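Student: Mind having a look at this structure? Questions to follow.
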Amino acid sequence: TGNSWTRYAVNKDKLPFGGEYSGHLYFTDRWPGLDSGLYNGLRMLEILSKTEGLATIISGNCTYTISTLNAKEFPKFEVPFPGNMANISGMAQMYAKTRATVLSSGVPDTMKGIHFDIHPNGFRVISCNLQNISMVSKMTDCGMGMDFTLPKTTLMYLAAAAGDEELQVGMTNTHVVFMKEGMVFSARKLAHEYVNVDDVLNRLKPVCSMKVEYEDFKPKLEEIYAIAQMGEKTSYI
């Protein structure tokens, strides 16, 4: 062991590669004596990228084989970049309030995912199934309009990464891109059109309607929930 002694021995014996237990490694074909971990890590990746099939490492009486993939065959990921961007915020809150009414099976394709309807003066996030509709609106300066639908799992990851911070959002033909400082989040949007929730709501004709304070209505909701837990399937409101 010992950095200086190992470097001397590698150069003296003209070894193509050498190293010692404290982590100093040397490739001697280009920069003899250079023991930079960053350089040697990149050199190792370069060598593996040119090695097809299996790379073999021999250490004492042990032989290790590593499967490699030629760099030319490795898929290159390209993030589609939209031209125009809108501004939204509150992603974590929007997801928390709409995730419960998303079903992946037993509903038409037009009801799968969570839908974003963005306008210059605000946006709303919608989810629904055959029984319930969740819709959350926020008035804010978005700058422009667009609409798209994303899978529930995608929104879960985005909400965890972005929280309620302000995001820029834009669309390409197939993807939606969310950006903030230090983060770019790209996701494939669902191809189908989302159900027209406004038409669904307009078909509902209540017998009577009234405006009530939430604090007055909350005990009644809790009472209905308690009745449902006891096994009753219907309650009158």
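Labels used: A, B, ... for chains in the order of the structure tokens, numbers from 1 for residues in each chain, and numbers from 1 for ligands as shown.
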Check the DSSP output for the backbone and give back, as an MDAnalysis selection string, the residues of range 18-225 of chain A in strand (DSSP E or B).
Tutor: chainID A and resid 18:19 25:27 53:59 62:68 86:88 114:119 122:128 133:139 146:150 167:171 175:180 183:188
Student: Kindly save the residues from that selection, with C-alpha atoms included, as a PDB file, in the first residue's frame.
Tutor:
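The result, stored in result_29.pdb:
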```
ATOM      1  CA  GLY A  18      -2.713  -0.434 -10.965  1.00  0.00           C
ATOM      2  CA  GLY A  19      -4.189   0.500  -7.615  1.00  0.00           C
ATOM      3  CA  LEU A  25      -6.135   3.892  -9.105  1.00  0.00           C
ATOM      4  CA  TYR A  26      -3.982   4.430 -12.188  1.00  0.00           C
ATOM      5  CA  PHE A  27      -4.559   3.987 -15.905  1.00  0.00           C
ATOM      6  CA  GLY A  53     -20.893  -9.160 -23.821  1.00  0.00           C
ATOM      7  CA  LEU A  54     -19.035  -9.793 -20.553  1.00  0.00           C
ATOM      8  CA  ALA A  55     -16.169  -7.915 -18.905  1.00  0.00           C
ATOM      9  CA  THR A  56     -13.913 -10.081 -16.735  1.00  0.00           C
ATOM     10  CA  ILE A  57     -12.134  -8.890 -13.581  1.00  0.00           C
ATOM     11  CA  ILE A  58      -9.544 -11.169 -11.978  1.00  0.00           C
ATOM     12  CA  SER A  59      -8.499 -10.531  -8.356  1.00  0.00           C
ATOM     13  CA  CYS A  62     -11.404 -14.851  -7.780  1.00  0.00           C
ATOM     14  CA  THR A  63     -12.832 -14.035 -11.206  1.00  0.00           C
ATOM     15  CA  TYR A  64     -15.763 -11.644 -11.637  1.00  0.00           C
ATOM     16  CA  THR A  65     -17.810 -11.196 -14.809  1.00  0.00           C
ATOM     17  CA  ILE A  66     -19.952  -8.121 -15.523  1.00  0.00           C
ATOM     18  CA  SER A  67     -22.581  -7.896 -18.258  1.00  0.00           C
ATOM     19  CA  THR A  68     -21.995  -4.848 -20.430  1.00  0.00           C
ATOM     20  CA  ALA A  86     -48.074  28.220 -18.144  1.00  0.00           C
ATOM     21  CA  ASN A  87     -47.628  28.841 -14.403  1.00  0.00           C
ATOM     22  CA  ILE A  88     -49.370  26.711 -11.756  1.00  0.00           C
ATOM     23  CA  ILE A 114     -56.378  13.162 -13.342  1.00  0.00           C
ATOM     24  CA  HIS A 115     -57.319  15.972 -15.700  1.00  0.00           C
ATOM     25  CA  PHE A 116     -55.868  19.507 -15.760  1.00  0.00           C
ATOM     26  CA  ASP A 117     -57.902  22.330 -17.270  1.00  0.00           C
ATOM     27  CA  ILE A 118     -55.697  25.449 -17.315  1.00  0.00           C
ATOM     28  CA  HIS A 119     -56.896  28.930 -18.327  1.00  0.00           C
ATOM     29  CA  GLY A 122     -56.767  30.003 -13.163  1.00  0.00           C
ATOM     30  CA  PHE A 123     -56.911  26.255 -13.418  1.00  0.00           C
ATOM     31  CA  ARG A 124     -58.844  23.285 -12.110  1.00  0.00           C
ATOM     32  CA  VAL A 125     -57.935  19.659 -11.459  1.00  0.00           C
ATOM     33  CA  ILE A 126     -60.601  17.005 -11.999  1.00  0.00           C
ATOM     34  CA  SER A 127     -60.986  13.300 -11.304  1.00  0.00           C
ATOM     35  CA  CYS A 128     -64.093  11.160 -11.451  1.00  0.00           C
ATOM     36  CA  ILE A 133     -66.497  13.659  -9.069  1.00  0.00           C
ATOM     37  CA  SER A 134     -63.685  15.601  -7.396  1.00  0.00           C
ATOM     38  CA  MET A 135     -62.912  19.045  -8.774  1.00  0.00           C
ATOM     39  CA  VAL A 136     -60.550  21.592  -7.239  1.00  0.00           C
ATOM     40  CA  SER A 137     -60.162  25.092  -8.682  1.00  0.00           C
ATOM     41  CA  LYS A 138     -57.586  27.793  -8.089  1.00  0.00           C
ATOM     42  CA  MET A 139     -57.689  31.369  -9.338  1.00  0.00           C
ATOM     43  CA  MET A 146     -54.040  24.160 -22.044  1.00  0.00           C
ATOM     44  CA  ASP A 147     -55.607  20.894 -20.916  1.00  0.00           C
ATOM     45  CA  PHE A 148     -54.227  17.394 -20.476  1.00  0.00           C
ATOM     46  CA  THR A 149     -54.723  14.176 -18.492  1.00  0.00           C
ATOM     47  CA  LEU A 150     -51.980  12.360 -16.596  1.00  0.00           C
ATOM     48  CA  LEU A 167     -44.157  25.271 -11.576  1.00  0.00           C
ATOM     49  CA  GLN A 168     -43.959  26.047 -15.240  1.00  0.00           C
ATOM     50  CA  VAL A 169     -45.869  23.563 -17.371  1.00  0.00           C
ATOM     51  CA  GLY A 170     -45.913  23.044 -21.121  1.00  0.00           C
ATOM     52  CA  MET A 171     -47.055  20.430 -23.627  1.00  0.00           C
ATOM     53  CA  HIS A 175     -45.673  14.740 -23.229  1.00  0.00           C
ATOM     54  CA  VAL A 176     -46.266  17.253 -20.466  1.00  0.00           C
ATOM     55  CA  VAL A 177     -43.187  18.931 -18.971  1.00  0.00           C
ATOM     56  CA  PHE A 178     -43.108  20.536 -15.496  1.00  0.00           C
ATOM     57  CA  MET A 179     -40.156  22.706 -14.520  1.00  0.00           C
ATOM     58  CA  LYS A 180     -38.862  24.659 -11.574  1.00  0.00           C
ATOM     59  CA  MET A 183     -36.104  20.127 -11.537  1.00  0.00           C
ATOM     60  CA  VAL A 184     -37.406  18.992 -14.914  1.00  0.00           C
ATOM     61  CA  PHE A 185     -40.269  16.468 -14.792  1.00  0.00           C
ATOM     62  CA  SER A 186     -41.487  15.001 -18.090  1.00  0.00           C
ATOM     63  CA  ALA A 187     -44.409  12.583 -18.369  1.00  0.00           C
ATOM     64  CA  ARG A 188     -46.386  11.021 -21.191  1.00  0.00           C
TER      65      ARG A 188
END
```
Student: In range 55-191 of chain A, what's helix (DSSP H, G or I) per DSSP? Answer as a list in words?
Tutor: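 Result set for range 55-191 of chain A (helix (DSSP H, G or I)): Ala71, Lys72, Glu73, Met91, Ala92, Gln93, Met94, Tyr95, Ala96, Lys97, Thr98, Arg99, Ala100, Thr101, Asp109, Thr110, Met111, Lys152, Thr153, Thr154, Leu155, Met156, Tyr157, Leu158, Ala159, Ala160, Ala161 and Ala162 of chain A.
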Student: Could you pull the residues within 10 Å of Leu103 in chain A, counting only C-alpha atoms, minus those fewer than 5 positions along the same chain, as an MDAnalysis selection string?
Tutor: chainID A and resid 108 111:113 127:130 152
Student: Since we have the selection now, will you write its residues out, keeping N, CA, C and O atoms, as a short mmCIF file (atom, residue, chain, number, x, y, z; two decimals), in the first residue's frame?
Tutor:
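Generated output (result.cif):
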```
data_model
loop_
_atom_site.label_atom_id
_atom_site.label_comp_id
_atom_site.auth_asym_id
_atom_site.auth_seq_id
_atom_site.Cartn_x
_atom_site.Cartn_y
_atom_site.Cartn_z
N PRO A 108 -64.67 3.78 -17.90
CA PRO A 108 -64.25 4.06 -19.28
C PRO A 108 -62.88 4.75 -19.30
O PRO A 108 -62.47 5.36 -18.33
N MET A 111 -62.43 8.34 -18.13
CA MET A 111 -62.47 8.67 -16.71
C MET A 111 -61.18 8.26 -15.99
O MET A 111 -61.09 8.40 -14.78
N LYS A 112 -60.20 7.76 -16.72
CA LYS A 112 -58.96 7.35 -16.09
C LYS A 112 -57.99 8.52 -16.02
O LYS A 112 -57.92 9.33 -16.92
N GLY A 113 -57.24 8.59 -14.93
CA GLY A 113 -56.26 9.65 -14.77
C GLY A 113 -56.83 10.87 -14.07
O GLY A 113 -57.99 10.90 -13.64
N SER A 127 -60.99 14.76 -11.20
CA SER A 127 -60.99 13.30 -11.30
C SER A 127 -62.40 12.81 -11.06
O SER A 127 -63.18 13.45 -10.34
N CYS A 128 -62.74 11.68 -11.66
CA CYS A 128 -64.09 11.16 -11.45
C CYS A 128 -64.12 9.68 -11.77
O CYS A 128 -63.23 9.13 -12.43
N ASN A 129 -65.14 9.02 -11.26
CA ASN A 129 -65.42 7.63 -11.59
C ASN A 129 -66.91 7.51 -11.84
O ASN A 129 -67.58 8.51 -12.09
N LEU A 130 -67.43 6.34 -11.79
CA LEU A 130 -68.85 6.16 -12.10
C LEU A 130 -69.77 6.66 -10.99
O LEU A 130 -70.99 6.69 -11.18
N LYS A 152 -52.59 8.70 -12.54
CA LYS A 152 -52.56 9.00 -11.10
C LYS A 152 -51.16 8.81 -10.53
O LYS A 152 -50.69 9.64 -9.74
#
```
Student: Please identify all polymer residues within 9 Å of Met91 in chain A, counting only C-alpha atoms, omitting same-chain residues fewer than 2 positions from it, and present them as number ranges by chain.
Tutor: A: 88-89, 93-96, 155, 158-160, 162-167
Student: What is the CA of Asn196 in chain A to CA of Gly106 in chain A distance in Å?
Tutor: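 Here the two named atoms are 18.5 Å from each other.
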Student: CA of Thr98 in chain A and CA of Thr172 in chain A are how many Å apart?
Tutor: 24.4 Å
Student: I'd like the neighbourhood of range 32-37 of chain A as an NGL selection string, where a residue qualifies if any of its atoms comes within 10 Å (using only C-alpha atoms), though same-chain residues fewer than 5 positions away should be ignored.
Tutor: :A and (3-4 or 6-8 or 10-11 or 14 or 16-19 or 23-27 or 42-43)
Student: Which residue, A:Val200, A:Met85, A:Leu48, A:Met144, has the smallest gap to Gln131 in chain A when you use only C-alpha atoms?
Tutor: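 That would be A:Val200, the residue with the smallest distance to Gln131 in chain A.
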Student: One number please: CA of Thr153 in chain A to CA of Ala92 in chain A, in Å, one decimal.
Tutor: 12.8 Å
